[in-house]
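Text of model-v9.txt (compact mmCIF, C-alpha atoms and all ligand atoms) as supplied:
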```txt
# COMPACT_ATOMS: atom_id res chain seq x y z
CA MET A 557 -8.25 -5.42 19.44
CA PRO A 558 -7.77 -2.71 16.81
CA ALA A 559 -10.77 -1.99 14.59
CA TYR A 560 -8.90 -2.77 11.39
CA VAL A 561 -8.38 -6.37 12.52
CA GLU A 562 -12.04 -6.79 13.31
CA ARG A 563 -12.90 -5.78 9.70
CA GLU A 564 -11.20 -8.85 8.26
CA PHE A 565 -14.46 -10.65 7.57
CA ARG A 566 -15.59 -11.90 4.21
CA HIS A 567 -19.05 -12.13 2.75
CA TYR A 568 -19.10 -13.94 -0.54
CA VAL A 569 -21.64 -13.08 -3.23
CA ASP A 570 -22.12 -14.23 -6.80
CA ALA A 571 -20.76 -11.83 -9.39
CA GLY A 572 -24.30 -10.82 -10.37
CA GLN A 573 -25.06 -9.78 -6.79
CA ALA A 574 -21.92 -7.71 -6.24
CA VAL A 575 -23.42 -4.30 -7.03
CA GLU A 576 -26.47 -4.92 -4.88
CA GLY A 577 -24.16 -6.10 -2.06
CA LEU A 578 -22.07 -2.95 -2.30
CA ILE A 579 -25.16 -0.75 -2.16
CA THR A 580 -26.41 -2.67 0.88
CA LEU A 581 -23.05 -2.20 2.62
CA ALA A 582 -23.01 1.53 1.74
CA ARG A 583 -26.51 1.88 3.25
CA TRP A 584 -25.35 0.12 6.42
CA PHE A 585 -22.36 2.50 6.59
CA VAL A 586 -24.59 5.58 6.41
CA ASP A 587 -27.35 4.19 8.66
CA SER A 588 -24.84 3.21 11.38
CA GLY A 589 -23.30 6.70 11.52
CA GLY A 590 -20.44 6.19 9.09
CA SER A 591 -20.85 9.59 7.48
CA VAL A 592 -19.91 11.14 10.83
CA ALA A 593 -16.82 8.94 11.12
CA GLY A 594 -15.90 9.88 7.57
CA ARG A 595 -14.23 6.64 6.58
CA MET A 596 -14.36 2.92 7.29
CA ALA A 597 -11.12 2.82 9.29
CA HIS A 598 -12.55 5.31 11.79
CA HIS A 599 -16.00 3.78 11.97
CA HIS A 600 -16.28 1.50 14.99
CA ALA A 601 -19.87 0.22 14.61
CA PRO A 602 -19.98 -3.60 14.56
CA LEU A 603 -20.50 -5.02 11.11
CA PRO A 604 -24.02 -6.25 10.39
CA GLU A 605 -24.64 -9.92 11.13
CA TRP A 606 -24.91 -10.85 7.46
CA ALA A 607 -21.41 -9.50 6.80
CA ARG A 608 -19.80 -11.53 9.57
CA GLY A 609 -20.99 -14.96 8.57
CA ASP A 610 -18.21 -16.32 6.37
CA ALA A 611 -15.06 -17.80 7.78
CA LEU A 612 -11.78 -16.33 6.70
CA PRO A 613 -10.22 -18.26 3.87
CA GLY A 614 -7.17 -20.36 4.67
CA ALA A 615 -3.80 -18.79 5.23
CA PRO A 616 -2.28 -17.42 2.02
CA GLY A 617 0.60 -19.26 0.44
CA PRO A 618 4.14 -17.93 0.58
CA THR A 619 4.80 -14.58 -1.08
CA LEU A 620 5.87 -14.98 -4.70
CA ARG A 621 9.41 -13.82 -5.27
CA THR A 622 10.17 -11.67 -8.25
CA GLY A 623 12.01 -13.40 -11.05
CA ALA A 624 11.64 -16.71 -12.84
CA HIS A 625 8.62 -18.84 -11.92
CA PRO A 626 7.54 -22.28 -13.23
CA LEU A 627 4.61 -20.56 -14.99
CA GLY A 628 6.54 -17.59 -16.31
CA PHE A 629 8.05 -14.53 -14.68
CA VAL A 630 7.06 -12.48 -11.60
CA CYS A 631 7.49 -8.70 -11.51
CA GLY A 632 7.16 -6.52 -8.42
CA LEU A 633 5.00 -3.40 -8.55
CA PRO A 634 5.66 -0.72 -5.90
CA PHE A 635 2.35 -0.01 -4.11
CA GLY A 636 0.78 -2.61 -6.41
CA GLN A 637 0.46 0.06 -9.06
CA VAL A 638 1.44 0.18 -12.71
CA GLU A 639 0.46 2.45 -15.56
CA ALA A 640 -2.03 0.52 -17.72
CA ALA A 641 -0.37 1.44 -21.03
CA ARG A 642 3.01 0.39 -19.69
CA LEU A 643 1.61 -2.94 -18.53
CA ALA A 644 -0.02 -3.52 -21.92
CA ARG A 645 3.28 -2.80 -23.70
CA ALA A 646 5.10 -5.21 -21.36
CA VAL A 647 2.59 -7.98 -22.08
CA LEU A 648 2.91 -7.53 -25.84
CA ALA A 649 6.70 -7.27 -25.74
CA CYS A 650 7.27 -10.48 -23.77
CA GLY A 651 4.53 -12.52 -25.43
CA ALA A 652 2.84 -13.46 -22.14
CA THR A 653 -0.18 -15.72 -22.57
CA ALA A 654 -1.86 -14.60 -19.33
CA LEU A 655 -1.43 -12.25 -16.41
CA ARG A 656 -1.97 -13.36 -12.86
CA ILE A 657 -2.57 -10.60 -10.30
CA THR A 658 -1.40 -11.60 -6.82
CA PRO A 659 -2.07 -10.20 -3.34
CA TRP A 660 1.63 -9.41 -2.86
CA ARG A 661 2.06 -6.40 -5.15
CA ARG A 662 3.52 -8.68 -7.75
CA VAL A 663 2.17 -9.78 -11.07
CA LEU A 664 2.90 -13.10 -12.74
CA PHE A 665 3.35 -13.00 -16.50
CA GLU A 666 2.50 -16.50 -17.65
CA GLY A 667 4.06 -18.24 -20.63
CA VAL A 668 6.62 -15.56 -21.41
CA GLY A 669 9.01 -16.14 -24.29
CA ASP A 670 12.71 -15.29 -24.38
CA LYS A 671 12.07 -11.64 -23.58
CA LEU A 672 11.46 -10.92 -19.93
CA PRO A 673 8.61 -8.57 -19.00
CA SER A 674 9.49 -5.11 -17.66
CA PRO A 675 6.30 -3.27 -16.67
CA GLN A 676 8.16 -0.78 -14.45
CA ASP A 677 10.32 2.22 -15.13
CA PRO A 678 13.92 0.89 -14.86
CA ASP A 679 14.54 3.54 -12.16
CA ALA A 680 11.65 2.32 -9.99
CA PRO A 681 12.78 0.92 -6.63
CA ASP A 682 12.96 -2.82 -6.24
CA ILE A 683 10.41 -3.88 -3.61
CA ASP A 684 12.32 -7.09 -2.87
CA ALA A 685 15.54 -5.17 -2.21
CA VAL A 686 13.64 -2.81 0.10
CA ALA A 687 12.14 -5.78 1.96
CA ALA A 688 15.53 -7.51 2.13
CA ALA A 689 16.87 -4.38 3.84
CA GLY A 690 14.13 -4.79 6.46
CA TRP A 691 11.77 -2.06 5.27
CA ARG A 692 8.33 -1.64 3.83
CA VAL A 693 7.33 1.75 2.46
CA GLU A 694 3.64 2.65 2.25
CA ALA A 695 2.23 5.74 0.58
CA CYS A 696 -1.31 6.83 -0.18
CA ALA A 697 -2.40 7.69 -3.72
CA GLY A 698 -1.48 11.35 -3.24
CA ALA A 699 -1.61 13.98 -6.00
CA PRO A 700 -2.83 14.04 -8.66
CA PHE A 701 -5.09 11.07 -7.82
CA CYS A 702 -6.61 12.31 -4.55
CA PRO A 703 -8.16 15.78 -4.25
CA GLN A 704 -7.07 15.98 -0.58
CA ALA A 705 -3.42 15.65 -1.49
CA GLY A 706 -1.26 18.61 -2.42
CA VAL A 707 1.77 16.48 -3.10
CA ASP A 708 2.92 13.45 -5.03
CA THR A 709 3.35 11.18 -2.02
CA ARG A 710 4.66 8.31 -4.09
CA ALA A 711 7.51 10.33 -5.56
CA LEU A 712 8.76 10.99 -2.02
CA ALA A 713 8.10 7.37 -1.05
CA PHE A 714 10.22 6.23 -4.02
CA ARG A 715 13.10 8.37 -2.78
CA LEU A 716 12.81 6.79 0.66
CA MET A 717 12.61 3.31 -0.87
CA ARG A 718 15.86 3.96 -2.72
CA LEU A 719 17.49 5.01 0.54
CA ALA A 720 16.17 1.87 2.24
CA GLN A 721 17.41 -0.27 -0.63
CA ARG A 722 20.91 1.16 -0.18
CA GLY A 723 20.81 0.70 3.61
CA MET A 724 20.82 4.47 4.09
CA LEU A 725 17.47 5.01 5.78
CA GLN A 726 17.86 5.80 9.43
CA ALA A 727 15.26 5.02 12.05
CA PRO A 728 14.95 4.30 15.72
CA SER A 729 16.18 0.78 16.39
CA SER A 730 13.37 -1.75 16.16
CA ALA A 731 13.24 -5.46 15.63
CA GLY A 732 11.69 -7.00 12.54
CA LEU A 733 10.17 -5.25 9.57
CA ARG A 734 10.13 -1.47 9.77
CA VAL A 735 7.50 0.58 8.00
CA VAL A 736 7.71 4.06 6.55
CA HIS A 737 4.35 5.68 5.94
CA VAL A 738 4.05 8.69 3.63
CA SER A 739 0.61 10.26 3.83
CA GLY A 740 -0.85 13.14 1.86
CA CYS A 741 -3.06 14.21 4.77
CA ALA A 742 -4.08 13.18 8.29
CA LYS A 743 -6.51 10.51 7.01
CA ALA A 744 -3.60 8.09 6.63
CA CYS A 745 -5.38 5.96 4.02
CA ALA A 746 -2.39 3.79 3.12
CA TYR A 747 -1.48 2.62 6.61
CA PRO A 748 -4.02 3.45 9.34
CA ARG A 749 -1.88 2.16 12.21
CA PRO A 750 1.40 3.14 13.85
CA ALA A 751 4.39 3.06 11.49
CA THR A 752 8.06 3.17 12.40
CA ILE A 753 8.47 6.44 10.51
CA ASN A 754 5.54 8.74 9.78
CA VAL A 755 5.78 11.41 7.09
CA MET A 756 2.55 13.36 6.92
CA ARG A 757 1.62 16.31 4.74
CA ARG A 758 -0.05 19.12 6.67
CA ALA A 759 -0.73 22.68 5.51
CA GLY A 760 1.54 22.33 2.49
CA VAL A 761 4.57 20.92 4.31
CA PHE A 762 5.56 17.62 5.92
CA ASP A 763 5.69 16.54 9.54
CA LEU A 764 8.14 13.78 10.41
CA GLY A 765 7.96 11.54 13.46
CA TRP A 766 8.66 8.12 14.89
CA GLN A 767 5.90 5.62 15.67
CA THR A 768 3.04 7.07 17.71
CA ALA A 769 5.00 9.96 19.21
CA SER A 770 4.26 13.56 18.21
CA PRO A 771 6.20 14.71 15.14
CA LEU A 772 9.82 15.50 15.85
CA HIS A 773 10.21 17.81 12.87
CA VAL A 774 7.48 19.93 11.33
CA GLY A 775 7.20 22.18 8.30
CA LEU A 776 9.61 20.19 6.14
CA SER A 777 9.96 20.14 2.37
CA ALA A 778 10.31 16.76 0.64
CA ASP A 779 14.06 17.38 0.31
CA ALA A 780 14.30 18.14 4.02
CA VAL A 781 12.45 14.90 4.85
CA VAL A 782 15.00 12.95 2.81
CA SER A 783 17.90 14.81 4.45
CA HIS A 784 16.58 14.05 7.92
CA LEU A 785 16.18 10.36 7.14
CA GLU A 786 19.34 9.78 5.13
CA CYS A 787 22.26 8.32 6.99
CA CYS A 788 25.72 7.86 5.56
S1 LIG B 1 -4.29 10.05 3.06
FE1 LIG B 1 -5.33 11.93 2.44
S2 LIG B 1 -4.22 12.61 0.61
FE2 LIG B 1 -3.74 10.44 0.93
S3 LIG B 1 -5.23 9.32 -0.33
FE3 LIG B 1 -6.04 9.47 1.76
S4 LIG B 1 -7.36 11.29 1.71
FE4 LIG B 1 -5.99 11.40 -0.06
```
Represent the structure contained in this file as structure tokens.
Ligand code: SF4
Amino acid sequence: MPAYVEREFRHYVDAGQAVEGLITLARWFVDSGGSVAGRMAHHHAPLPEWARGDALPGAPGPTLRTGAHPLGFVCGLPFGQVEAARLARAVLACGATALRITPWRRVLFEGVGDKLPSPQDPDAPDIDAVAAAGWRVEACAGAPFCPQAGVDTRALAFRLMRLAQRGMLQAPSSAGLRVVHVSGCAKACAYPRPATINVMRRAGVFDLGWQTASPLHVGLSADAVVSHLECC
């Protein structure tokens, strides 16, 4: 079973114990050789007994759809990210009485008035339209947020999402949901498992490949990645 599945344990602590719990977990990570692995996804030591004790919570409910909701209005956020100032302006403009953050990269604005919330740039891709076209696009934080990244991974991911939305993203045939993964370096933070399409930054350029195979195209610019993946 892949390591990332094994990590899906929960250990609940009271809010006042959270910092101490984090420090304890960080100590376990270092003491069990994690600094050699470099990151949690690559660290295969079994979790300590105390971190394995709680059962997984019940299955999550159905994904909230964007649009009208009995409590207000749901907006999709690509990568679950939104600029704080933009979110604040959206809350004030629509008169929401509360915000509910969900696990589905969507936020529920509760008690909105006549004006609908719009926390995203109007040009931002629609995550529901991308999903309806059978795609999910993942991208790590990239530049300028990660010092390892020399590129704005999410700008390229947005371009690929727009292609997917328009049914113009080509890929090897595969059943079910297909995933594009744009990574700013080989660490693959956003999606540490095989994706349908892998776009990875290496030495200032991108490598492009399908699933777990070696890259088919190397040394590409962002424009070249889009050209390779765009179908008419
Ligand atoms: S994959 Fe690399 S560039 Fe992207 S967030 Fe992780 S460490 Fe940074």
**Request:** Find the residues around Phe629 of chain A up to 9 Å (only C-alpha atoms counted), leave out those fewer than 2 positions away in its own chain, and share them as a PyMOL selection string.
**Result:** chain A and resi 622-627+631+663-668+672-673
**Item:** At most 8 Å from ligand LIG 1 (chain B) (only C-alpha atoms and all ligand atoms): residue list as JSON, numbers by chain
**Value:** {"A": [695, 696, 697, 698, 699, 701, 702, 703, 704, 705, 706, 709, 739, 740, 741, 742, 743, 744, 745, 746]}
**Request:** Compile the contact shell of Asn754 of chain A as number ranges by chain: residues with an atom at most 10 Å away, counting all atoms listed in the file, same-chain residues fewer than 2 positions apart removed.
**Result:** A: 694, 735-739, 744, 747, 750-752, 756-757, 762-771
How about saving the chosen residues, C-alpha atoms kept, as an mmCIF file, in the coordinates of the input?
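Printed below is result-v7.cif as written:
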```cif
data_model
loop_
_atom_site.group_PDB
_atom_site.id
_atom_site.type_symbol
_atom_site.label_atom_id
_atom_site.label_comp_id
_atom_site.auth_asym_id
_atom_site.auth_seq_id
_atom_site.Cartn_x
_atom_site.Cartn_y
_atom_site.Cartn_z
ATOM 1 C CA GLU A 694 3.640 2.650 2.250
ATOM 2 C CA VAL A 735 7.500 0.580 8.000
ATOM 3 C CA VAL A 736 7.710 4.060 6.550
ATOM 4 C CA HIS A 737 4.350 5.680 5.940
ATOM 5 C CA VAL A 738 4.050 8.690 3.630
ATOM 6 C CA SER A 739 0.610 10.260 3.830
ATOM 7 C CA ALA A 744 -3.600 8.090 6.630
ATOM 8 C CA TYR A 747 -1.480 2.620 6.610
ATOM 9 C CA PRO A 750 1.400 3.140 13.850
ATOM 10 C CA ALA A 751 4.390 3.060 11.490
ATOM 11 C CA THR A 752 8.060 3.170 12.400
ATOM 12 C CA MET A 756 2.550 13.360 6.920
ATOM 13 C CA ARG A 757 1.620 16.310 4.740
ATOM 14 C CA PHE A 762 5.560 17.620 5.920
ATOM 15 C CA ASP A 763 5.690 16.540 9.540
ATOM 16 C CA LEU A 764 8.140 13.780 10.410
ATOM 17 C CA GLY A 765 7.960 11.540 13.460
ATOM 18 C CA TRP A 766 8.660 8.120 14.890
ATOM 19 C CA GLN A 767 5.900 5.620 15.670
ATOM 20 C CA THR A 768 3.040 7.070 17.710
ATOM 21 C CA ALA A 769 5.000 9.960 19.210
ATOM 22 C CA SER A 770 4.260 13.560 18.210
ATOM 23 C CA PRO A 771 6.200 14.710 15.140
#
```
**Message:** Would you pick out the contacts of Asp682 of chain A at 8 Å or less, using all atoms listed in the file, so that residues sharing its chain but fewer than 5 positions from it are not included, and give the list as a list in words?
**Reply:** Gly632, Pro634 and Gln721 of chain A
**Prompt:** Which polymer residues have any atom within 12 Å of an atom of segment 577-579 of chain A, counting all atoms listed in the file, with same-chain residues fewer than 5 positions away left out, as a ChimeraX atom specification?
**Reply:** /A:567-572,584-586,606-607
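Minimum distance to Leu603 of chain A across A:Ala582, A:Leu648, A:Leu655, A:Leu620 (counting all atoms listed in the file) occurs at A:Ala582.
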Output as a tab-separated table one row per residue of segment 691-755 of chain A within 8 Å of segment 776-787 of chain A: the closest atom pair and its distance in Å to one decimal place, counting only C-alpha atoms, sorted by chain and residue number ascending.
```
residue	atom	partner	partner_atom	distance
A:Leu712	CA	A:Ala778	CA	6.5
A:Arg715	CA	A:Val782	CA	7.5
A:Leu716	CA	A:Val782	CA	6.9
A:Leu719	CA	A:Glu786	CA	6.9
A:Met724	CA	A:Cys787	CA	5.0
A:Leu725	CA	A:Glu786	CA	5.2
A:Gln726	CA	A:Leu785	CA	5.4
A:Ala727	CA	A:Leu785	CA	7.3
A:Val755	CA	A:Val781	CA	7.9
```
**Prompt:** Taking into account only C-alpha atoms, which residue in the set A:Val707, A:Gly775, A:Val630, A:Pro748 is nearest to Ala654 of chain A?
**Reply:**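 Answer, going by the shortest atom-to-atom distance: A:Val630.
Distances here use only C-alpha atoms; by that measure, the residue among A:Gly594, A:Pro675, A:Gly669, A:Pro659 closest to Ala641 of chain A is A:Pro675.
Relative to atom CA of His599 of chain A, atom CA of Gly760 of chain A is found at 27.2 Å.
Between atom CA of Pro681 of chain A and atom CA of Arg758 of chain A there is a distance of 25.9 Å.
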**Request:** Work out how far apart atom CA of Arg661 of chain A and atom CA of Ala720 of chain A are and give it in Å to one decimal.
**Result:** 17.9 Å
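For the set A:Ala680, A:Leu733, A:Ala649, A:Met717, the residue with the smallest atom-to-atom gap to Leu633 of chain A is A:Ala680, counting all atoms listed in the file.
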